[in-house]
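**Q** Got a structure here, written out as structure tokens. Questions coming.
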Amino acid sequence: MTRIAIIVGSKGRGSNMLALIEACESKAIDAEVVVVISPRHETLAVSRAIEKGVEVVVLNPDDVHFSTELLHVLEKHAVDLVCLAGYMRLLPKEVTDSFKGRILNIHPALLPKYGGKGMYGLKVHESVIAAGEKESGCSVHYVTEQYDEGEILLQMRCVVKPEDTPETLAQRVLALEHECYVEAVRKWIALRSHSGRKAPS
Ligand code: GRF
């Protein structure tokens, strides 16, 4: 069984986290979320994780010991796969190196478009609408030292309606994200077992 750590963000709504926890609970994927890592205590994601009985560790990304502590938590929980879900910052190089091919992120657009530094939240959907795109979607990609640049593992698409606002588009994409992240983790597990390697890259 694949052991997953989820890193949530400081805004920490946690809906993708919840989708992954519930997919594990229902055995839709052969995995278990063994720890949730959050930059802050008081977020919706943290209360949702606690309600689900998942251990939460709070680590401050600005702390000088952040990468050592993060690696320690991941090793202590024998984590196979790290899923970023709402974590907006870059991970330290020590972490991306140690977990190469084993860290995924979800982005609310069809990368490589509408990604990169500063491209998050409603800004993404505003840009998609402003560009007159007819479709949008979400991307699950491997995490590297750069924003949104790792190889894409899975994308799902949805329409952009003429009457869409950034908010309505965000809602449609978010529903798709939950499905896409679960499917991407399933794919990651299958790739890993087919390749017989711990870390597809
Ligand atoms: C999602 O839109 C995800 O694509 C982005 O951050 C948001 C997190 O939402 N990386 P939630 O906390 O999972 O609800």
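How things are named: the first chain in the structure tokens is A, the next is B, and so on; residues count from 1 in each chain; ligands count from 1 in the order shown.
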How close does each residue of stretch 49-156 of chain A get to stretch 188-195 of chain A, giving the shortest atom pair and distance in Å to one decimal for every residue with an atom at most 10 Å away, counting only C-alpha atoms, sorted by chain and residue number, as CSV?
**A**
```
residue,atom,partner,partner_atom,distance
A:Asp80,CA,A:Ile189,CA,9.8
A:Leu81,CA,A:Trp188,CA,9.0
A:Gly101,CA,A:Trp188,CA,9.4
A:Arg102,CA,A:Trp188,CA,8.7
A:Leu104,CA,A:Trp188,CA,9.3
A:Leu153,CA,A:Trp188,CA,7.8
A:Leu154,CA,A:Trp188,CA,9.6
```
**Q** Can you spit out the residues from that selection as a PDB file, in the first residue's frame, using all heavy atoms?
**A**
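Contents of the output file part00.pdb:
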```pdb
ATOM      1  N   ASP A  80       5.866   7.186   0.723  1.00  0.00           N
ATOM      2  CA  ASP A  80       6.250   6.837  -0.647  1.00  0.00           C
ATOM      3  C   ASP A  80       6.018   8.005  -1.599  1.00  0.00           C
ATOM      4  O   ASP A  80       6.754   8.195  -2.560  1.00  0.00           O
ATOM      5  CB  ASP A  80       5.395   5.665  -1.162  1.00  0.00           C
ATOM      6  CG  ASP A  80       5.531   4.436  -0.299  1.00  0.00           C
ATOM      7  OD1 ASP A  80       6.666   3.956  -0.150  1.00  0.00           O
ATOM      8  OD2 ASP A  80       4.502   3.958   0.239  1.00  0.00           O
ATOM      9  N   LEU A  81       4.911   8.724  -1.361  1.00  0.00           N
ATOM     10  CA  LEU A  81       4.479   9.750  -2.302  1.00  0.00           C
ATOM     11  C   LEU A  81       4.024  10.993  -1.542  1.00  0.00           C
ATOM     12  O   LEU A  81       3.282  10.885  -0.557  1.00  0.00           O
ATOM     13  CB  LEU A  81       3.293   9.201  -3.118  1.00  0.00           C
ATOM     14  CG  LEU A  81       2.585  10.163  -4.067  1.00  0.00           C
ATOM     15  CD1 LEU A  81       3.525  10.612  -5.197  1.00  0.00           C
ATOM     16  CD2 LEU A  81       1.338   9.514  -4.662  1.00  0.00           C
ATOM     17  N   GLY A 101      10.616  12.399  -8.457  1.00  0.00           N
ATOM     18  CA  GLY A 101       9.634  11.488  -9.046  1.00  0.00           C
ATOM     19  C   GLY A 101       8.575  11.026  -8.062  1.00  0.00           C
ATOM     20  O   GLY A 101       7.729  10.196  -8.375  1.00  0.00           O
ATOM     21  N   ARG A 102       8.646  11.547  -6.847  1.00  0.00           N
ATOM     22  CA  ARG A 102       7.713  11.089  -5.809  1.00  0.00           C
ATOM     23  C   ARG A 102       6.959  12.254  -5.160  1.00  0.00           C
ATOM     24  O   ARG A 102       6.413  12.121  -4.073  1.00  0.00           O
ATOM     25  CB  ARG A 102       8.462  10.296  -4.739  1.00  0.00           C
ATOM     26  CG  ARG A 102       9.109   9.032  -5.324  1.00  0.00           C
ATOM     27  CD  ARG A 102       9.437   8.040  -4.255  1.00  0.00           C
ATOM     28  NE  ARG A 102      10.584   8.425  -3.471  1.00  0.00           N
ATOM     29  CZ  ARG A 102      10.733   8.139  -2.176  1.00  0.00           C
ATOM     30  NH1 ARG A 102       9.793   7.500  -1.521  1.00  0.00           N
ATOM     31  NH2 ARG A 102      11.821   8.510  -1.542  1.00  0.00           N
ATOM     32  N   LEU A 104       4.009  15.160  -6.200  1.00  0.00           N
ATOM     33  CA  LEU A 104       3.053  15.628  -7.201  1.00  0.00           C
ATOM     34  C   LEU A 104       2.395  16.915  -6.717  1.00  0.00           C
ATOM     35  O   LEU A 104       2.299  17.166  -5.514  1.00  0.00           O
ATOM     36  CB  LEU A 104       1.947  14.579  -7.416  1.00  0.00           C
ATOM     37  CG  LEU A 104       2.377  13.187  -7.879  1.00  0.00           C
ATOM     38  CD1 LEU A 104       1.163  12.258  -7.965  1.00  0.00           C
ATOM     39  CD2 LEU A 104       3.092  13.251  -9.228  1.00  0.00           C
ATOM     40  N   LEU A 153       1.695  14.502 -15.346  1.00  0.00           N
ATOM     41  CA  LEU A 153       1.276  13.113 -15.183  1.00  0.00           C
ATOM     42  C   LEU A 153      -0.131  12.909 -15.734  1.00  0.00           C
ATOM     43  O   LEU A 153      -0.415  11.907 -16.377  1.00  0.00           O
ATOM     44  CB  LEU A 153       1.335  12.747 -13.686  1.00  0.00           C
ATOM     45  CG  LEU A 153       0.895  11.356 -13.275  1.00  0.00           C
ATOM     46  CD1 LEU A 153       1.773  10.278 -13.924  1.00  0.00           C
ATOM     47  CD2 LEU A 153       0.965  11.199 -11.745  1.00  0.00           C
ATOM     48  N   LEU A 154      -1.013  13.876 -15.495  1.00  0.00           N
ATOM     49  CA  LEU A 154      -2.400  13.735 -15.964  1.00  0.00           C
ATOM     50  C   LEU A 154      -3.073  15.105 -16.064  1.00  0.00           C
ATOM     51  O   LEU A 154      -2.851  15.976 -15.213  1.00  0.00           O
ATOM     52  CB  LEU A 154      -3.182  12.868 -14.965  1.00  0.00           C
ATOM     53  CG  LEU A 154      -4.588  12.446 -15.397  1.00  0.00           C
ATOM     54  CD1 LEU A 154      -4.537  11.457 -16.561  1.00  0.00           C
ATOM     55  CD2 LEU A 154      -5.353  11.809 -14.241  1.00  0.00           C
TER      56      LEU A 154
END
```
**Q** What does the list of residues within 6 Å of ligand 1 look like if you count only C-alpha atoms and all ligand atoms, written as a PyMOL selection string?
**A** chain A and resi 12-17+85-86+106-108+174
**Q** Go ahead and save the residues from that selection, with all heavy atoms, as an mmCIF file, in the first residue's frame.
**A**
```
data_model
loop_
_atom_site.group_PDB
_atom_site.id
_atom_site.type_symbol
_atom_site.label_atom_id
_atom_site.label_comp_id
_atom_site.auth_asym_id
_atom_site.auth_seq_id
_atom_site.Cartn_x
_atom_site.Cartn_y
_atom_site.Cartn_z
ATOM 1 N N GLY A 12 -5.172 26.796 3.164
ATOM 2 C CA GLY A 12 -5.600 25.482 3.612
ATOM 3 C C GLY A 12 -7.082 25.160 3.629
ATOM 4 O O GLY A 12 -7.623 24.778 4.654
ATOM 5 N N ARG A 13 -7.745 25.250 2.465
ATOM 6 C CA ARG A 13 -9.144 24.815 2.404
ATOM 7 C C ARG A 13 -9.208 23.289 2.471
ATOM 8 O O ARG A 13 -10.075 22.713 3.115
ATOM 9 C CB ARG A 13 -9.716 25.334 1.078
ATOM 10 C CG ARG A 13 -11.130 24.965 0.778
ATOM 11 C CD ARG A 13 -11.569 25.625 -0.505
ATOM 12 N NE ARG A 13 -10.639 25.359 -1.609
ATOM 13 C CZ ARG A 13 -10.727 25.925 -2.800
ATOM 14 N NH1 ARG A 13 -11.683 26.799 -3.052
ATOM 15 N NH2 ARG A 13 -9.872 25.633 -3.750
ATOM 16 N N GLY A 14 -8.300 22.637 1.757
ATOM 17 C CA GLY A 14 -8.150 21.187 1.907
ATOM 18 C C GLY A 14 -9.128 20.319 1.131
ATOM 19 O O GLY A 14 -9.309 19.150 1.471
ATOM 20 N N SER A 15 -9.731 20.841 0.070
ATOM 21 C CA SER A 15 -10.704 19.993 -0.638
ATOM 22 C C SER A 15 -10.007 18.897 -1.447
ATOM 23 O O SER A 15 -10.519 17.771 -1.527
ATOM 24 C CB SER A 15 -11.646 20.829 -1.513
ATOM 25 O OG SER A 15 -10.979 21.348 -2.631
ATOM 26 N N ASN A 16 -8.857 19.191 -2.034
ATOM 27 C CA ASN A 16 -8.121 18.128 -2.744
ATOM 28 C C ASN A 16 -7.578 17.101 -1.744
ATOM 29 O O ASN A 16 -7.596 15.898 -2.015
ATOM 30 C CB ASN A 16 -6.979 18.726 -3.576
ATOM 31 C CG ASN A 16 -7.490 19.287 -4.891
ATOM 32 O OD1 ASN A 16 -7.870 18.539 -5.787
ATOM 33 N ND2 ASN A 16 -7.551 20.602 -4.991
ATOM 34 N N MET A 17 -7.112 17.597 -0.603
ATOM 35 C CA MET A 17 -6.652 16.695 0.461
ATOM 36 C C MET A 17 -7.760 15.715 0.840
ATOM 37 O O MET A 17 -7.555 14.502 0.935
ATOM 38 C CB MET A 17 -6.246 17.548 1.676
ATOM 39 C CG MET A 17 -5.881 16.754 2.910
ATOM 40 S SD MET A 17 -6.067 17.726 4.428
ATOM 41 C CE MET A 17 -7.848 17.700 4.637
ATOM 42 N N ALA A 85 -1.159 20.003 -2.102
ATOM 43 C CA ALA A 85 -2.568 20.331 -2.355
ATOM 44 C C ALA A 85 -2.847 21.705 -1.769
ATOM 45 O O ALA A 85 -3.233 21.844 -0.608
ATOM 46 C CB ALA A 85 -3.479 19.275 -1.739
ATOM 47 N N GLY A 86 -2.563 22.725 -2.571
ATOM 48 C CA GLY A 86 -2.776 24.093 -2.107
ATOM 49 C C GLY A 86 -1.520 24.730 -1.543
ATOM 50 O O GLY A 86 -1.542 25.881 -1.104
ATOM 51 N N ILE A 106 -1.058 19.662 -7.886
ATOM 52 C CA ILE A 106 -2.173 19.905 -8.793
ATOM 53 C C ILE A 106 -2.279 21.396 -9.056
ATOM 54 O O ILE A 106 -2.141 22.220 -8.141
ATOM 55 C CB ILE A 106 -3.501 19.312 -8.272
ATOM 56 C CG1 ILE A 106 -4.584 19.453 -9.357
ATOM 57 C CG2 ILE A 106 -3.942 19.934 -6.942
ATOM 58 C CD1 ILE A 106 -5.634 18.390 -9.326
ATOM 59 N N HIS A 107 -2.499 21.718 -10.338
ATOM 60 C CA HIS A 107 -2.593 23.118 -10.754
ATOM 61 C C HIS A 107 -3.912 23.306 -11.492
ATOM 62 O O HIS A 107 -4.269 22.475 -12.329
ATOM 63 C CB HIS A 107 -1.406 23.463 -11.658
ATOM 64 C CG HIS A 107 -1.382 24.901 -12.049
ATOM 65 N ND1 HIS A 107 -0.950 25.895 -11.192
ATOM 66 C CD2 HIS A 107 -1.787 25.526 -13.180
ATOM 67 C CE1 HIS A 107 -1.072 27.066 -11.794
ATOM 68 N NE2 HIS A 107 -1.583 26.874 -13.002
ATOM 69 N N PRO A 108 -4.629 24.417 -11.228
ATOM 70 C CA PRO A 108 -5.971 24.556 -11.793
ATOM 71 C C PRO A 108 -6.016 25.122 -13.209
ATOM 72 O O PRO A 108 -6.821 26.012 -13.497
ATOM 73 C CB PRO A 108 -6.659 25.495 -10.794
ATOM 74 C CG PRO A 108 -5.559 26.352 -10.293
ATOM 75 C CD PRO A 108 -4.321 25.492 -10.280
ATOM 76 N N LEU A 174 -12.373 23.079 -9.929
ATOM 77 C CA LEU A 174 -12.090 22.437 -8.635
ATOM 78 C C LEU A 174 -12.748 21.058 -8.555
ATOM 79 O O LEU A 174 -12.134 20.105 -8.068
ATOM 80 C CB LEU A 174 -12.546 23.329 -7.473
ATOM 81 C CG LEU A 174 -12.131 22.830 -6.081
ATOM 82 C CD1 LEU A 174 -10.608 22.834 -5.909
ATOM 83 C CD2 LEU A 174 -12.770 23.681 -4.977
#
```
**Q** Determine which residues of stretch 30-161 of chain A DSSP labels as strand (DSSP E or B) from the backbone of this structure, then write them out as a VMD selection string.
**A** chain A and resid 31 to 38 56 to 58 81 to 86 103 to 107 135 to 142 152 to 159
**Q** As an mmCIF file with N, CA, C and O atoms, in the first residue's frame, please: the residues near A:Ala78 (cut-off 8 Å, only C-alpha atoms, same-chain neighbours under 3 positions excluded).
**A**
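Result went into selection15.cif, see below:
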```cif
data_model
loop_
_atom_site.group_PDB
_atom_site.id
_atom_site.type_symbol
_atom_site.label_atom_id
_atom_site.label_comp_id
_atom_site.auth_asym_id
_atom_site.auth_seq_id
_atom_site.Cartn_x
_atom_site.Cartn_y
_atom_site.Cartn_z
ATOM 1 N N ARG A 3 2.069 4.856 0.785
ATOM 2 C CA ARG A 3 1.905 5.762 1.944
ATOM 3 C C ARG A 3 2.081 7.205 1.464
ATOM 4 O O ARG A 3 3.133 7.577 0.950
ATOM 5 N N LEU A 74 8.800 12.871 6.742
ATOM 6 C CA LEU A 74 8.521 11.963 5.624
ATOM 7 C C LEU A 74 9.180 10.601 5.857
ATOM 8 O O LEU A 74 8.593 9.557 5.588
ATOM 9 N N GLU A 75 10.389 10.632 6.399
ATOM 10 C CA GLU A 75 11.075 9.361 6.670
ATOM 11 C C GLU A 75 10.419 8.616 7.821
ATOM 12 O O GLU A 75 10.190 7.417 7.752
#
```
**Q** Using only C-alpha atoms, determine which residues lie at most 10 Å from A:Thr43, disregarding the query and same-chain residues fewer than 4 positions distant; provide the list as a PDB file with N, CA and C atoms, in the first residue's frame.
**A**
```
ATOM      1  N   VAL A   8      -0.447  20.797   2.656  1.00  0.00           N
ATOM      2  CA  VAL A   8      -1.474  21.792   2.341  1.00  0.00           C
ATOM      3  C   VAL A   8      -0.886  23.194   2.503  1.00  0.00           C
ATOM      4  N   GLY A   9      -1.660  24.191   2.084  1.00  0.00           N
ATOM      5  CA  GLY A   9      -1.138  25.553   2.107  1.00  0.00           C
ATOM      6  C   GLY A   9      -1.588  26.349   3.313  1.00  0.00           C
ATOM      7  N   SER A  10      -1.112  27.587   3.406  1.00  0.00           N
ATOM      8  CA  SER A  10      -1.447  28.396   4.585  1.00  0.00           C
ATOM      9  C   SER A  10      -2.899  28.850   4.550  1.00  0.00           C
ATOM     10  N   LYS A  11      -3.498  28.916   3.329  1.00  0.00           N
ATOM     11  CA  LYS A  11      -4.940  29.214   3.266  1.00  0.00           C
ATOM     12  C   LYS A  11      -5.719  27.950   3.605  1.00  0.00           C
ATOM     13  N   GLY A  12      -5.172  26.796   3.164  1.00  0.00           N
ATOM     14  CA  GLY A  12      -5.600  25.482   3.612  1.00  0.00           C
ATOM     15  C   GLY A  12      -7.082  25.160   3.629  1.00  0.00           C
ATOM     16  N   ARG A  13      -7.745  25.250   2.465  1.00  0.00           N
ATOM     17  CA  ARG A  13      -9.144  24.815   2.404  1.00  0.00           C
ATOM     18  C   ARG A  13      -9.208  23.289   2.471  1.00  0.00           C
ATOM     19  N   GLY A  14      -8.300  22.637   1.757  1.00  0.00           N
ATOM     20  CA  GLY A  14      -8.150  21.187   1.907  1.00  0.00           C
ATOM     21  C   GLY A  14      -9.128  20.319   1.131  1.00  0.00           C
ATOM     22  N   SER A  38       1.152  20.988   7.377  1.00  0.00           N
ATOM     23  CA  SER A  38       0.548  22.303   7.156  1.00  0.00           C
ATOM     24  C   SER A  38       1.460  23.399   7.696  1.00  0.00           C
ATOM     25  N   PRO A  39       1.516  24.545   7.012  1.00  0.00           N
ATOM     26  CA  PRO A  39       2.334  25.646   7.536  1.00  0.00           C
ATOM     27  C   PRO A  39       1.692  26.319   8.749  1.00  0.00           C
ATOM     28  N   SER A  47      -8.403  21.176  10.316  1.00  0.00           N
ATOM     29  CA  SER A  47      -9.539  20.584  11.041  1.00  0.00           C
ATOM     30  C   SER A  47     -10.150  19.423  10.270  1.00  0.00           C
ATOM     31  N   ARG A  48     -10.163  19.536   8.940  1.00  0.00           N
ATOM     32  CA  ARG A  48     -10.709  18.423   8.159  1.00  0.00           C
ATOM     33  C   ARG A  48      -9.837  17.167   8.290  1.00  0.00           C
TER      34      ARG A  48
END
```
**Q** Do a neighbour search on stretch 125-137 of chain A at 6 Å with only C-alpha atoms, toss out local chain neighbours closer than 3 positions, and write the hits as an NGL selection string.
**A** :A and (109-110 or 122 or 156-160 or 166 or 173)
**Q** If we count only C-alpha atoms, what is near A:Ile37 at a cut-off of 9 Å, once residues fewer than 3 positions away on the same chain are taken out, given as a list of chain:residue names?
**A**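 Using only C-alpha atoms, the neighbours found are A:Ala5, A:Ile6, A:Ile7, A:Val8, A:Gly9, A:Arg40, A:Val46, A:Glu55, A:Val56, A:Val57, A:Val58, A:Leu59, A:Leu70, A:Val73.
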**Q** State, in Å with one decimal place, the distance from atom CA of A:Thr2 to atom CA of A:Ala31.
**A** 4.4 Å
**Q** Please, what distance in Å, to one decimal, runs between atom CA of A:Thr96 and atom CA of A:Glu151?
**A**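 Answer for the atom CA of A:Thr96 to atom CA of A:Glu151 separation: 13.6 Å.
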**Q** Which residue out of A:Ile103, A:Leu91, A:Val140, A:Leu44 has the minimum interatomic distance to A:Val182 when only C-alpha atoms are used?
**A** A:Val140
**Q** What is the atom CA of A:Leu111-atom CA of A:Val124 distance in Å, reported with one decimal?
**A** 10.8 Å
**Q** Nearest residue to A:Gly150 out of A:Lys27, A:His178, A:Arg186, A:Lys100, using only C-alpha atoms?
**A** A:Lys100
**Q** Hey, which of A:Cys24, A:Leu84, A:Ile29, A:Met1 ends up closest to A:Val54? Count only C-alpha atoms.
**A** A:Cys24
**Q** Choose the residue, out of A:Val33, A:Val143, A:Val79, A:Cys138, that has the smallest atom-to-atom separation from A:Lys93; count only C-alpha atoms.
**A**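 The shortest atom-to-atom distance to A:Lys93 comes from A:Val143.
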**Q** With distances taken over only C-alpha atoms, which of A:Ile152, A:Cys180, A:Leu71, A:Ile4 is nearest to A:Val35?
**A**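 Among A:Ile152, A:Cys180, A:Leu71, A:Ile4, it is A:Ile4 that comes nearest to A:Val35.
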